file target_1.txt (compact mmCIF, N, CA and C atoms and all ligand atoms)
# COMPACT_ATOMS: atom_id res chain seq x y z
N MET A 1 72.02 -15.95 45.62
CA MET A 1 72.05 -14.71 46.38
C MET A 1 71.74 -13.51 45.48
N ALA A 2 72.58 -13.31 44.44
CA ALA A 2 72.38 -12.16 43.55
C ALA A 2 72.58 -12.59 42.10
N ALA A 3 71.97 -11.84 41.20
CA ALA A 3 72.16 -12.08 39.76
C ALA A 3 72.10 -10.73 39.05
N ILE A 4 72.68 -10.71 37.88
CA ILE A 4 72.75 -9.47 37.09
C ILE A 4 72.04 -9.67 35.77
N LEU A 5 71.25 -8.67 35.38
CA LEU A 5 70.65 -8.66 34.05
C LEU A 5 71.12 -7.38 33.37
N VAL A 6 71.58 -7.53 32.13
CA VAL A 6 72.08 -6.33 31.45
C VAL A 6 71.47 -6.17 30.06
N CYS A 7 71.13 -4.92 29.79
CA CYS A 7 70.69 -4.51 28.45
C CYS A 7 71.82 -3.64 27.91
N SER A 8 72.35 -4.00 26.76
CA SER A 8 73.48 -3.26 26.21
C SER A 8 73.51 -3.50 24.71
N ARG A 9 73.95 -2.53 23.96
CA ARG A 9 73.96 -2.67 22.49
C ARG A 9 75.38 -2.49 21.96
N ALA A 10 75.89 -3.54 21.31
CA ALA A 10 77.18 -3.42 20.61
C ALA A 10 76.91 -2.74 19.28
N GLY A 11 77.97 -2.40 18.55
CA GLY A 11 77.78 -1.77 17.23
C GLY A 11 78.20 -0.32 17.28
N GLU A 12 77.70 0.43 16.32
CA GLU A 12 78.15 1.82 16.19
C GLU A 12 77.61 2.68 17.34
N ASN A 13 78.51 3.45 17.96
CA ASN A 13 78.11 4.35 19.05
C ASN A 13 78.95 5.62 18.96
N LEU A 14 78.51 6.62 19.67
CA LEU A 14 79.24 7.90 19.68
C LEU A 14 80.19 7.90 20.88
N ILE A 15 81.49 7.95 20.60
CA ILE A 15 82.49 7.93 21.67
C ILE A 15 83.28 9.22 21.57
N GLU A 16 83.16 10.06 22.59
CA GLU A 16 83.83 11.37 22.62
C GLU A 16 83.65 12.09 21.28
N GLY A 17 82.42 12.12 20.82
CA GLY A 17 82.08 12.89 19.63
C GLY A 17 82.36 12.17 18.31
N GLN A 18 82.95 10.99 18.35
CA GLN A 18 83.28 10.25 17.11
C GLN A 18 82.44 8.98 17.02
N LEU A 19 82.00 8.66 15.81
CA LEU A 19 81.30 7.38 15.62
C LEU A 19 82.32 6.25 15.62
N LYS A 20 82.09 5.26 16.49
CA LYS A 20 83.02 4.12 16.55
C LYS A 20 82.22 2.84 16.67
N LYS A 21 82.77 1.77 16.12
CA LYS A 21 82.09 0.50 16.19
C LYS A 21 82.60 -0.27 17.41
N LEU A 22 81.70 -0.60 18.34
CA LEU A 22 82.09 -1.31 19.55
C LEU A 22 81.75 -2.79 19.42
N GLY A 23 82.72 -3.63 19.71
CA GLY A 23 82.48 -5.08 19.68
C GLY A 23 81.61 -5.51 20.84
N ILE A 24 81.75 -4.83 21.95
CA ILE A 24 80.96 -5.11 23.17
C ILE A 24 80.41 -3.78 23.66
N GLY A 25 79.16 -3.74 24.05
CA GLY A 25 78.55 -2.50 24.54
C GLY A 25 79.14 -2.06 25.87
N ASN A 26 79.05 -0.77 26.15
CA ASN A 26 79.62 -0.20 27.39
C ASN A 26 79.04 -0.84 28.65
N THR A 27 77.73 -0.99 28.66
CA THR A 27 77.08 -1.51 29.89
C THR A 27 77.41 -2.99 30.08
N GLN A 28 77.58 -3.68 28.95
CA GLN A 28 77.99 -5.10 29.02
C GLN A 28 79.37 -5.22 29.68
N ILE A 29 80.28 -4.31 29.32
CA ILE A 29 81.63 -4.33 29.91
C ILE A 29 81.54 -4.15 31.43
N LEU A 30 80.72 -3.16 31.81
CA LEU A 30 80.55 -2.89 33.25
C LEU A 30 79.91 -4.10 33.94
N ALA A 31 78.91 -4.70 33.31
CA ALA A 31 78.20 -5.85 33.90
C ALA A 31 79.16 -7.03 34.08
N GLU A 32 80.05 -7.21 33.12
CA GLU A 32 80.99 -8.33 33.23
C GLU A 32 81.96 -8.12 34.40
N LYS A 33 82.36 -6.86 34.61
CA LYS A 33 83.25 -6.56 35.76
C LYS A 33 82.52 -6.84 37.07
N LEU A 34 81.27 -6.40 37.11
CA LEU A 34 80.45 -6.59 38.31
C LEU A 34 80.27 -8.08 38.60
N SER A 35 79.99 -8.82 37.55
CA SER A 35 79.77 -10.26 37.68
C SER A 35 81.03 -10.95 38.22
N GLU A 36 82.18 -10.49 37.74
CA GLU A 36 83.44 -11.09 38.19
C GLU A 36 83.70 -10.73 39.65
N GLN A 37 83.49 -9.45 39.99
CA GLN A 37 83.79 -9.01 41.35
C GLN A 37 82.83 -9.60 42.37
N LEU A 38 81.56 -9.72 41.99
CA LEU A 38 80.56 -10.24 42.94
C LEU A 38 80.40 -11.74 42.84
N GLN A 39 81.05 -12.31 41.82
CA GLN A 39 80.93 -13.77 41.60
C GLN A 39 79.47 -14.18 41.49
N CYS A 40 78.74 -13.47 40.65
CA CYS A 40 77.35 -13.86 40.45
C CYS A 40 77.02 -13.91 38.96
N PRO A 41 75.99 -14.69 38.61
CA PRO A 41 75.72 -14.91 37.19
C PRO A 41 75.20 -13.67 36.48
N LEU A 42 75.50 -13.63 35.19
CA LEU A 42 75.12 -12.49 34.36
C LEU A 42 74.23 -12.99 33.22
N TYR A 43 73.08 -12.33 33.06
CA TYR A 43 72.15 -12.66 31.97
C TYR A 43 71.94 -11.41 31.14
N THR A 44 71.56 -11.62 29.87
CA THR A 44 71.36 -10.45 29.01
C THR A 44 69.89 -10.30 28.63
N LEU A 45 69.49 -9.04 28.48
CA LEU A 45 68.14 -8.72 28.04
C LEU A 45 68.26 -8.29 26.57
N ASP A 46 67.81 -9.15 25.67
CA ASP A 46 68.02 -8.92 24.24
C ASP A 46 66.70 -8.75 23.51
N PRO A 47 66.67 -7.85 22.54
CA PRO A 47 65.42 -7.66 21.80
C PRO A 47 65.16 -8.82 20.83
N VAL A 48 63.89 -9.08 20.55
CA VAL A 48 63.55 -10.09 19.54
C VAL A 48 63.92 -9.55 18.16
N GLU A 49 63.57 -8.27 17.93
CA GLU A 49 63.96 -7.61 16.67
C GLU A 49 65.30 -6.93 16.93
N PRO A 50 66.37 -7.32 16.23
CA PRO A 50 67.68 -6.71 16.51
C PRO A 50 67.66 -5.19 16.33
N TYR A 51 68.46 -4.51 17.12
CA TYR A 51 68.56 -3.05 17.02
C TYR A 51 69.27 -2.65 15.74
N PRO A 52 69.00 -1.45 15.21
CA PRO A 52 69.75 -0.98 14.03
C PRO A 52 71.24 -0.94 14.34
N GLU A 53 72.02 -1.21 13.32
CA GLU A 53 73.48 -1.21 13.46
C GLU A 53 74.00 0.24 13.54
N SER A 54 73.40 1.11 12.74
CA SER A 54 73.88 2.49 12.69
C SER A 54 73.44 3.28 13.94
N TYR A 55 74.35 4.10 14.45
CA TYR A 55 74.06 4.89 15.65
C TYR A 55 72.88 5.83 15.39
N ARG A 56 72.91 6.53 14.25
CA ARG A 56 71.85 7.52 13.99
C ARG A 56 70.49 6.84 13.85
N ALA A 57 70.48 5.69 13.17
CA ALA A 57 69.22 4.94 13.04
C ALA A 57 68.74 4.47 14.41
N MET A 58 69.70 4.09 15.27
CA MET A 58 69.34 3.64 16.62
C MET A 58 68.71 4.76 17.44
N VAL A 59 69.30 5.94 17.32
CA VAL A 59 68.79 7.10 18.06
C VAL A 59 67.35 7.39 17.64
N GLU A 60 67.08 7.33 16.34
CA GLU A 60 65.72 7.58 15.83
C GLU A 60 64.76 6.49 16.28
N HIS A 61 65.24 5.25 16.20
CA HIS A 61 64.42 4.10 16.59
C HIS A 61 63.99 4.23 18.07
N ALA A 62 64.98 4.54 18.92
CA ALA A 62 64.70 4.65 20.36
C ALA A 62 63.78 5.84 20.65
N LYS A 63 63.95 6.91 19.86
CA LYS A 63 63.10 8.09 20.03
C LYS A 63 61.63 7.74 19.76
N LYS A 64 61.43 6.98 18.67
CA LYS A 64 60.06 6.58 18.31
C LYS A 64 59.48 5.62 19.35
N GLU A 65 60.29 4.68 19.81
CA GLU A 65 59.82 3.72 20.83
C GLU A 65 59.38 4.46 22.08
N LYS A 66 60.15 5.48 22.43
CA LYS A 66 59.85 6.23 23.66
C LYS A 66 58.58 7.07 23.46
N ALA A 67 58.48 7.75 22.33
CA ALA A 67 57.32 8.62 22.07
C ALA A 67 56.04 7.78 22.04
N ALA A 68 56.14 6.55 21.53
CA ALA A 68 54.95 5.69 21.41
C ALA A 68 54.70 4.89 22.69
N ASN A 69 55.56 5.05 23.70
CA ASN A 69 55.45 4.24 24.92
C ASN A 69 55.40 2.75 24.59
N ASP A 70 56.22 2.34 23.65
CA ASP A 70 56.24 0.95 23.18
C ASP A 70 56.73 0.00 24.27
N PHE A 71 56.32 -1.25 24.13
CA PHE A 71 56.85 -2.32 24.96
C PHE A 71 57.46 -3.37 24.02
N PRO A 72 58.70 -3.14 23.55
CA PRO A 72 59.31 -4.07 22.60
C PRO A 72 59.48 -5.47 23.20
N ARG A 73 59.38 -6.46 22.32
CA ARG A 73 59.53 -7.84 22.78
C ARG A 73 60.99 -8.16 23.04
N TYR A 74 61.21 -9.01 24.03
CA TYR A 74 62.58 -9.40 24.37
C TYR A 74 62.67 -10.92 24.45
N GLN A 75 63.89 -11.40 24.33
CA GLN A 75 64.11 -12.85 24.40
C GLN A 75 64.01 -13.31 25.86
N THR A 76 63.58 -14.55 26.00
CA THR A 76 63.34 -15.10 27.35
C THR A 76 64.57 -14.97 28.25
N VAL A 77 64.31 -14.51 29.47
CA VAL A 77 65.39 -14.41 30.47
C VAL A 77 65.35 -15.71 31.29
N PRO A 78 66.48 -16.39 31.47
CA PRO A 78 66.47 -17.67 32.19
C PRO A 78 65.82 -17.55 33.57
N SER A 79 65.08 -18.59 33.93
CA SER A 79 64.31 -18.56 35.19
C SER A 79 65.24 -18.42 36.40
N ALA A 80 66.49 -18.83 36.27
CA ALA A 80 67.44 -18.74 37.40
C ALA A 80 67.56 -17.29 37.88
N PHE A 81 67.41 -16.33 36.98
CA PHE A 81 67.54 -14.92 37.37
C PHE A 81 66.50 -14.55 38.43
N PHE A 82 65.28 -15.08 38.25
CA PHE A 82 64.16 -14.67 39.12
C PHE A 82 64.19 -15.35 40.49
N LYS A 83 65.07 -16.33 40.63
CA LYS A 83 65.15 -17.05 41.92
C LYS A 83 65.96 -16.25 42.94
N GLU A 84 66.74 -15.28 42.45
CA GLU A 84 67.60 -14.53 43.37
C GLU A 84 66.84 -13.37 44.00
N ARG A 85 67.27 -13.00 45.21
CA ARG A 85 66.58 -11.89 45.90
C ARG A 85 67.20 -10.54 45.54
N ILE A 86 68.50 -10.53 45.30
CA ILE A 86 69.18 -9.28 44.97
C ILE A 86 69.45 -9.27 43.47
N LEU A 87 68.88 -8.28 42.80
CA LEU A 87 68.96 -8.23 41.34
C LEU A 87 69.64 -6.93 40.91
N PHE A 88 70.68 -7.07 40.13
CA PHE A 88 71.33 -5.90 39.52
C PHE A 88 70.78 -5.80 38.09
N VAL A 89 70.31 -4.61 37.73
CA VAL A 89 69.75 -4.42 36.38
C VAL A 89 70.49 -3.26 35.73
N GLY A 90 71.23 -3.57 34.66
CA GLY A 90 72.05 -2.55 34.00
C GLY A 90 71.51 -2.19 32.63
N PHE A 91 71.74 -0.96 32.24
CA PHE A 91 71.18 -0.45 30.97
C PHE A 91 71.91 0.85 30.60
N PRO A 92 71.83 1.23 29.32
CA PRO A 92 72.31 2.56 28.94
C PRO A 92 71.19 3.59 29.14
N ASN A 93 71.55 4.81 29.40
CA ASN A 93 70.56 5.89 29.39
C ASN A 93 70.22 6.18 27.92
N TRP A 94 68.97 6.01 27.57
CA TRP A 94 68.50 6.34 26.22
C TRP A 94 67.41 7.39 26.36
N TRP A 95 67.64 8.52 25.82
CA TRP A 95 66.64 9.59 25.85
C TRP A 95 66.13 9.84 27.27
N GLY A 96 67.07 9.86 28.19
CA GLY A 96 66.73 10.30 29.55
C GLY A 96 66.22 9.24 30.50
N SER A 97 66.15 7.98 30.05
CA SER A 97 65.75 6.93 30.99
C SER A 97 66.28 5.59 30.48
N TYR A 98 65.72 4.49 31.02
CA TYR A 98 66.16 3.19 30.51
C TYR A 98 65.50 2.92 29.15
N PRO A 99 66.13 2.06 28.33
CA PRO A 99 65.53 1.69 27.05
C PRO A 99 64.15 1.06 27.26
N ARG A 100 63.29 1.18 26.27
CA ARG A 100 61.92 0.67 26.41
C ARG A 100 61.90 -0.85 26.63
N ILE A 101 62.91 -1.55 26.20
CA ILE A 101 62.94 -3.00 26.44
C ILE A 101 63.00 -3.28 27.95
N VAL A 102 63.64 -2.40 28.70
CA VAL A 102 63.68 -2.57 30.16
C VAL A 102 62.29 -2.31 30.73
N ALA A 103 61.58 -1.32 30.16
CA ALA A 103 60.20 -1.06 30.59
C ALA A 103 59.34 -2.30 30.36
N SER A 104 59.51 -2.96 29.21
CA SER A 104 58.76 -4.19 28.91
C SER A 104 59.04 -5.25 29.96
N PHE A 105 60.32 -5.43 30.23
CA PHE A 105 60.73 -6.47 31.18
C PHE A 105 60.17 -6.20 32.58
N LEU A 106 60.26 -4.97 33.03
CA LEU A 106 59.79 -4.64 34.38
C LEU A 106 58.28 -4.79 34.49
N LYS A 107 57.58 -4.41 33.41
CA LYS A 107 56.11 -4.51 33.41
C LYS A 107 55.64 -5.97 33.51
N ASP A 108 56.40 -6.87 32.92
CA ASP A 108 55.97 -8.26 32.82
C ASP A 108 56.23 -9.09 34.08
N HIS A 109 56.92 -8.55 35.04
CA HIS A 109 57.29 -9.36 36.21
C HIS A 109 56.98 -8.64 37.51
N HIS A 110 56.80 -9.44 38.55
CA HIS A 110 56.60 -8.87 39.89
C HIS A 110 57.90 -9.02 40.66
N PHE A 111 58.21 -7.98 41.40
CA PHE A 111 59.49 -7.98 42.12
C PHE A 111 59.28 -7.82 43.62
N ASP A 112 58.16 -8.35 44.12
CA ASP A 112 57.86 -8.27 45.55
C ASP A 112 59.02 -8.84 46.35
N GLY A 113 59.44 -8.10 47.35
CA GLY A 113 60.47 -8.59 48.26
C GLY A 113 61.87 -8.64 47.65
N LYS A 114 62.02 -8.17 46.43
CA LYS A 114 63.36 -8.19 45.81
C LYS A 114 64.06 -6.85 46.06
N ILE A 115 65.36 -6.91 46.04
CA ILE A 115 66.14 -5.67 46.13
C ILE A 115 66.78 -5.47 44.75
N ILE A 116 66.45 -4.35 44.13
CA ILE A 116 67.00 -4.10 42.79
C ILE A 116 68.05 -2.99 42.87
N PHE A 117 69.23 -3.28 42.35
CA PHE A 117 70.28 -2.27 42.21
C PHE A 117 70.40 -1.92 40.73
N PRO A 118 69.84 -0.78 40.31
CA PRO A 118 70.02 -0.38 38.91
C PRO A 118 71.44 0.15 38.70
N PHE A 119 72.00 -0.11 37.53
CA PHE A 119 73.26 0.56 37.16
C PHE A 119 73.17 0.95 35.69
N CYS A 120 73.91 2.01 35.35
CA CYS A 120 73.65 2.66 34.08
C CYS A 120 74.95 3.20 33.50
N THR A 121 75.07 3.17 32.16
CA THR A 121 76.13 3.95 31.51
C THR A 121 75.45 5.02 30.67
N HIS A 122 76.17 6.08 30.35
CA HIS A 122 75.54 7.25 29.73
C HIS A 122 76.61 8.13 29.12
N GLU A 123 76.12 9.18 28.49
CA GLU A 123 77.07 10.09 27.83
C GLU A 123 77.09 11.45 28.53
N GLY A 124 76.60 11.48 29.76
CA GLY A 124 76.63 12.73 30.51
C GLY A 124 75.40 12.96 31.36
N SER A 125 74.29 12.30 31.04
CA SER A 125 73.05 12.58 31.80
C SER A 125 72.83 11.66 33.00
N GLY A 126 73.81 10.84 33.32
CA GLY A 126 73.65 9.97 34.49
C GLY A 126 72.44 9.07 34.35
N PHE A 127 71.78 8.84 35.48
CA PHE A 127 70.60 7.98 35.48
C PHE A 127 69.39 8.65 34.81
N GLY A 128 69.45 9.96 34.60
CA GLY A 128 68.28 10.65 34.05
C GLY A 128 67.06 10.40 34.93
N ASN A 129 65.93 10.03 34.31
CA ASN A 129 64.71 9.76 35.09
C ASN A 129 64.56 8.28 35.44
N SER A 130 65.58 7.49 35.13
CA SER A 130 65.38 6.04 35.22
C SER A 130 65.11 5.56 36.65
N LEU A 131 65.71 6.18 37.65
CA LEU A 131 65.47 5.68 39.01
C LEU A 131 64.02 5.93 39.43
N GLU A 132 63.49 7.10 39.05
CA GLU A 132 62.06 7.39 39.33
C GLU A 132 61.19 6.40 38.55
N ASP A 133 61.59 6.12 37.30
CA ASP A 133 60.81 5.19 36.48
C ASP A 133 60.82 3.79 37.07
N PHE A 134 61.94 3.38 37.63
CA PHE A 134 61.99 2.08 38.33
C PHE A 134 60.98 2.06 39.47
N LYS A 135 60.99 3.13 40.27
CA LYS A 135 60.11 3.15 41.45
C LYS A 135 58.65 3.08 41.05
N LYS A 136 58.31 3.76 39.92
CA LYS A 136 56.92 3.74 39.45
C LYS A 136 56.55 2.36 38.91
N THR A 137 57.48 1.75 38.20
CA THR A 137 57.16 0.50 37.49
C THR A 137 57.19 -0.71 38.41
N CYS A 138 58.07 -0.70 39.41
CA CYS A 138 58.07 -1.86 40.33
C CYS A 138 58.14 -1.34 41.76
N PRO A 139 57.04 -0.74 42.22
CA PRO A 139 57.04 -0.12 43.55
C PRO A 139 57.19 -1.12 44.69
N GLU A 140 56.90 -2.38 44.39
CA GLU A 140 56.94 -3.39 45.46
C GLU A 140 58.37 -3.88 45.74
N ALA A 141 59.31 -3.49 44.85
CA ALA A 141 60.72 -3.97 45.03
C ALA A 141 61.42 -3.07 46.03
C1 LIG A 201 69.43 5.70 21.33
C2 LIG A 201 70.42 6.35 22.27
C3 LIG A 201 70.00 7.35 23.12
C4 LIG A 201 70.89 7.92 24.04
N1 LIG A 201 70.44 8.88 24.91
C5 LIG A 201 71.28 9.35 25.85
C6 LIG A 201 70.82 10.31 26.80
O1 LIG A 201 69.66 10.75 26.81
N2 LIG A 201 71.73 10.75 27.73
C7 LIG A 201 73.02 10.30 27.78
O2 LIG A 201 73.76 10.71 28.65
N3 LIG A 201 73.47 9.38 26.89
C8 LIG A 201 72.64 8.90 25.93
N4 LIG A 201 73.09 7.95 25.04
C9 LIG A 201 74.47 7.42 25.17
C10 LIG A 201 74.47 6.05 25.84
O3 LIG A 201 73.79 6.09 27.09
C11 LIG A 201 75.89 5.56 26.09
O4 LIG A 201 76.60 5.54 24.89
C12 LIG A 201 75.89 4.18 26.74
O5 LIG A 201 77.11 3.94 27.35
C13 LIG A 201 75.58 3.08 25.73
O6 LIG A 201 75.58 1.85 26.41
P1 LIG A 201 75.72 0.46 25.65
O7 LIG A 201 77.00 0.51 24.87
O8 LIG A 201 75.78 -0.55 26.75
O9 LIG A 201 74.49 0.28 24.80
C14 LIG A 201 72.23 7.44 24.09
C15 LIG A 201 72.65 6.46 23.18
C16 LIG A 201 71.76 5.91 22.28
C17 LIG A 201 72.23 4.84 21.32

call {"tool": "encode", "arguments": {"input": "target_1.txt", "output": "C-alpha cells"}}
result
Amino acid sequence: MAAILVCSRAGENLIEGQLKKLGIGNTQILAEKLSEQLQCPLYTLDPVEPYPESYRAMVEHAKKEKAANDFPRYQTVPSAFFKERILFVGFPNWWGSYPRIVASFLKDHHFDGKIIFPFCTHEGSGFGNSLEDFKKTCPEA
C-alpha cells in the first residue's frame, strides 16, 4: 500500500545554536515514527560518497552541490519501494530545498500514477522551495 523513503544525515548538526553530535538524524527519527504509526516499510536514501562528519564542512559541501546542480550518486533503493502506490519521501531542508541526492533520485525514476507525500525537517524555513521542486521534477505524480 505505502512505503517510506528517507534521506537523513547523522553526525554533527546545529541544535538550538549549539553544535551537537546526533546518533540518528532528525528526519530519520520522524520517518521511524511514521513507519511505526502507518505500519509500512522504511527505506533509506544514502549517498555513495559519505557526507562530511563536520556540520560546517557539510554546509559547504551542500552549498557547492546546489550551486553546481549536481546529481550525487546514491545507493540502490530496494525494488519493493517502487511497487507501492503511496510513497512518503522525507528529507531535511538544505539551502532552501531538498538535498541534491533527492533530486538525483527523483530524476532517475518515473512516478506516474503514484501519490507522493513529502515530509521535511528544518531549522525554521519549513519546506522552502522543495514542494515546488517536487512538482517540477515529477509532474506525473
Ligand atoms: C547542509 C545543511 C543546510 C541546511 N539548510 C537549511 C535551510 O536552508 N533552512 C533550514 O530551515 N534548515 C536548514 N538546515 C537544517 C536542517 O534542515 C535540519 O537540521 C534538519 O532537521 C536536519 O535533518 P537530518 O538530521 O535528518 O539530516 C540545514 C542543515 C544542513 C546540514

call {"tool": "residues_near_ligand", "arguments": {"input": "target_1.txt", "ligand": "ligand LIG 201 (chain A)", "cutoff": "5 Å", "atoms": "only N, CA and C atoms and all ligand atoms", "output": "ChimeraX atom specification"}}
result
/A:8-9,25-28,58-59,62,92-96,121-126

call {"tool": "atom_distance", "arguments": {"input": "target_1.txt", "atom1": "atom C of Phe134 of chain A", "atom2": "atom C of Ala103 of chain A"}}
result
10.2 Å

call {"tool": "closest_residue", "arguments": {"input": "target_1.txt", "among": "A:Lys83, A:Pro78, A:Cys7, A:Tyr51", "to": "Pro99 of chain A", "atoms": "all atoms listed in the file"}}
result
A:Cys7

call {"tool": "closest_residue", "arguments": {"input": "target_1.txt", "among": "A:Tyr98, A:Pro139, A:Gln75, A:Leu131", "to": "Asp112 of chain A", "atoms": "all atoms listed in the file"}}
result
A:Pro139

call {"tool": "axis_aligned_box", "arguments": {"input": "target_1.txt", "around": "segment 50-54 of chain A", "padding_each_side": "6 Å", "output": "JSON"}}
result
{"center_x": 70.2, "center_y": -2.0, "center_z": 14.9, "size_x": 19.6, "size_y": 22.6, "size_z": 16.4}

call {"tool": "residues_around", "arguments": {"input": "target_1.txt", "residues": "segment 113-116 of chain A", "least_positions_apart": "6", "cutoff": "5 Å", "atoms": "only N, CA and C atoms", "output": "VMD selection string"}}
result
chain A and resid 85 to 87 140 to 141

call {"tool": "closest_residue", "arguments": {"input": "target_1.txt", "among": "A:Leu22, A:Ala80, A:Ala10, A:Val89", "to": "Pro52 of chain A", "atoms": "only N, CA and C atoms"}}
result
A:Ala10

call {"tool": "select_by_dssp", "arguments": {"input": "target_1.txt", "residues": "segment 5-132 of chain A", "states": "strand (DSSP E or B)", "output": "JSON, numbers by chain"}}
result
{"A": [5, 6, 11, 12, 13, 14, 15, 18, 19, 20, 21, 22, 42, 43, 44, 47, 74, 86, 87, 88, 89, 90, 91, 92, 94, 97, 115, 116, 117, 118, 119, 120, 121]}

call {"tool": "residues_around", "arguments": {"input": "target_1.txt", "residues": "segment 105-107 of chain A", "least_positions_apart": "6", "cutoff": "8 Å", "atoms": "only N, CA and C atoms", "output": "list in words"}}
result
Phe71, Pro72, Arg73, Tyr74, Thr137 and Cys138 of chain A

call {"tool": "atom_distance", "arguments": {"input": "target_1.txt", "atom1": "atom CA of Ser54 of chain A", "atom2": "atom CA of Gly11 of chain A"}}
result
7.3 Å

call {"tool": "closest_residue", "arguments": {"input": "target_1.txt", "among": "A:His109, A:Lys20, A:Arg100, A:Lys136", "to": "Glu65 of chain A", "atoms": "only C-alpha atoms"}}
result
A:Arg100

call {"tool": "closest_residue", "arguments": {"input": "target_1.txt", "among": "A:Cys120, A:Val102, A:Lys135, A:Ile4", "to": "Ser35 of chain A", "atoms": "all atoms listed in the file"}}
result
A:Ile4

call {"tool": "closest_residue", "arguments": {"input": "target_1.txt", "among": "A:Ser97, A:Ser130, A:Gln18, A:Thr76", "to": "Pro47 of chain A", "atoms": "all atoms listed in the file"}}
result
A:Thr76

call {"tool": "select_by_dssp", "arguments": {"input": "target_1.txt", "residues": "segment 23-141 of chain A", "states": "alpha helix (DSSP H)", "output": "count of residues only"}}
result
43

call {"tool": "residues_around", "arguments": {"input": "target_1.txt", "residues": "Val6 of chain A", "least_positions_apart": "3", "cutoff": "5 Å", "atoms": "all atoms listed in the file", "output": "PyMOL selection string"}}
result
chain A and resi 43-45+90

call {"tool": "atom_distance", "arguments": {"input": "target_1.txt", "atom1": "atom CA of Asn13 of chain A", "atom2": "atom N of Tyr55 of chain A"}}
result
5.9 Å

call {"tool": "decode", "arguments": {"input": "target_1.txt", "residues": "segment 55-68 of chain A", "atoms": "N, CA, C and O atoms", "output": "mmCIF file, in the first residue's frame"}}
result
data_model
loop_
_atom_site.group_PDB
_atom_site.id
_atom_site.type_symbol
_atom_site.label_atom_id
_atom_site.label_comp_id
_atom_site.auth_asym_id
_atom_site.auth_seq_id
_atom_site.Cartn_x
_atom_site.Cartn_y
_atom_site.Cartn_z
ATOM 1 N N TYR A 55 29.655 19.605 10.718
ATOM 2 C CA TYR A 55 28.494 20.385 10.273
ATOM 3 C C TYR A 55 28.924 21.460 9.273
ATOM 4 O O TYR A 55 28.301 21.622 8.220
ATOM 5 N N ARG A 56 29.989 22.189 9.614
ATOM 6 C CA ARG A 56 30.396 23.307 8.736
ATOM 7 C C ARG A 56 30.844 22.790 7.375
ATOM 8 O O ARG A 56 30.511 23.373 6.348
ATOM 9 N N ALA A 57 31.580 21.670 7.380
ATOM 10 C CA ALA A 57 32.010 21.079 6.103
ATOM 11 C C ALA A 57 30.788 20.614 5.309
ATOM 12 O O ALA A 57 30.739 20.750 4.077
ATOM 13 N N MET A 58 29.784 20.097 6.025
ATOM 14 C CA MET A 58 28.556 19.636 5.356
ATOM 15 C C MET A 58 27.812 20.792 4.692
ATOM 16 O O MET A 58 27.326 20.689 3.565
ATOM 17 N N VAL A 59 27.748 21.904 5.411
ATOM 18 C CA VAL A 59 27.050 23.080 4.884
ATOM 19 C C VAL A 59 27.738 23.555 3.593
ATOM 20 O O VAL A 59 27.072 23.846 2.589
ATOM 21 N N GLU A 60 29.066 23.573 3.598
ATOM 22 C CA GLU A 60 29.819 23.990 2.400
ATOM 23 C C GLU A 60 29.636 23.006 1.255
ATOM 24 O O GLU A 60 29.443 23.388 0.106
ATOM 25 N N HIS A 61 29.695 21.722 1.613
ATOM 26 C CA HIS A 61 29.538 20.653 0.618
ATOM 27 C C HIS A 61 28.172 20.782 -0.089
ATOM 28 O O HIS A 61 28.073 20.747 -1.315
ATOM 29 N N ALA A 62 27.127 20.945 0.730
ATOM 30 C CA ALA A 62 25.767 21.033 0.177
ATOM 31 C C ALA A 62 25.597 22.309 -0.655
ATOM 32 O O ALA A 62 24.890 22.323 -1.666
ATOM 33 N N LYS A 63 26.271 23.373 -0.222
ATOM 34 C CA LYS A 63 26.197 24.642 -0.959
ATOM 35 C C LYS A 63 26.776 24.463 -2.370
ATOM 36 O O LYS A 63 26.187 24.887 -3.364
ATOM 37 N N LYS A 64 27.934 23.780 -2.423
ATOM 38 C CA LYS A 64 28.582 23.544 -3.723
ATOM 39 C C LYS A 64 27.737 22.627 -4.594
ATOM 40 O O LYS A 64 27.576 22.877 -5.786
ATOM 41 N N GLU A 65 27.179 21.575 -3.998
ATOM 42 C CA GLU A 65 26.329 20.639 -4.765
ATOM 43 C C GLU A 65 25.151 21.383 -5.375
ATOM 44 O O GLU A 65 24.775 21.146 -6.515
ATOM 45 N N LYS A 66 24.593 22.296 -4.590
ATOM 46 C CA LYS A 66 23.415 23.027 -5.059
ATOM 47 C C LYS A 66 23.806 24.006 -6.167
ATOM 48 O O LYS A 66 23.143 24.073 -7.209
ATOM 49 N N ALA A 67 24.893 24.743 -5.957
ATOM 50 C CA ALA A 67 25.328 25.740 -6.944
ATOM 51 C C ALA A 67 25.660 25.060 -8.277
ATOM 52 O O ALA A 67 25.408 25.611 -9.349
ATOM 53 N N ALA A 68 26.209 23.846 -8.197
ATOM 54 C CA ALA A 68 26.616 23.131 -9.419
ATOM 55 C C ALA A 68 25.466 22.320 -10.008
ATOM 56 O O ALA A 68 25.643 21.665 -11.041
#
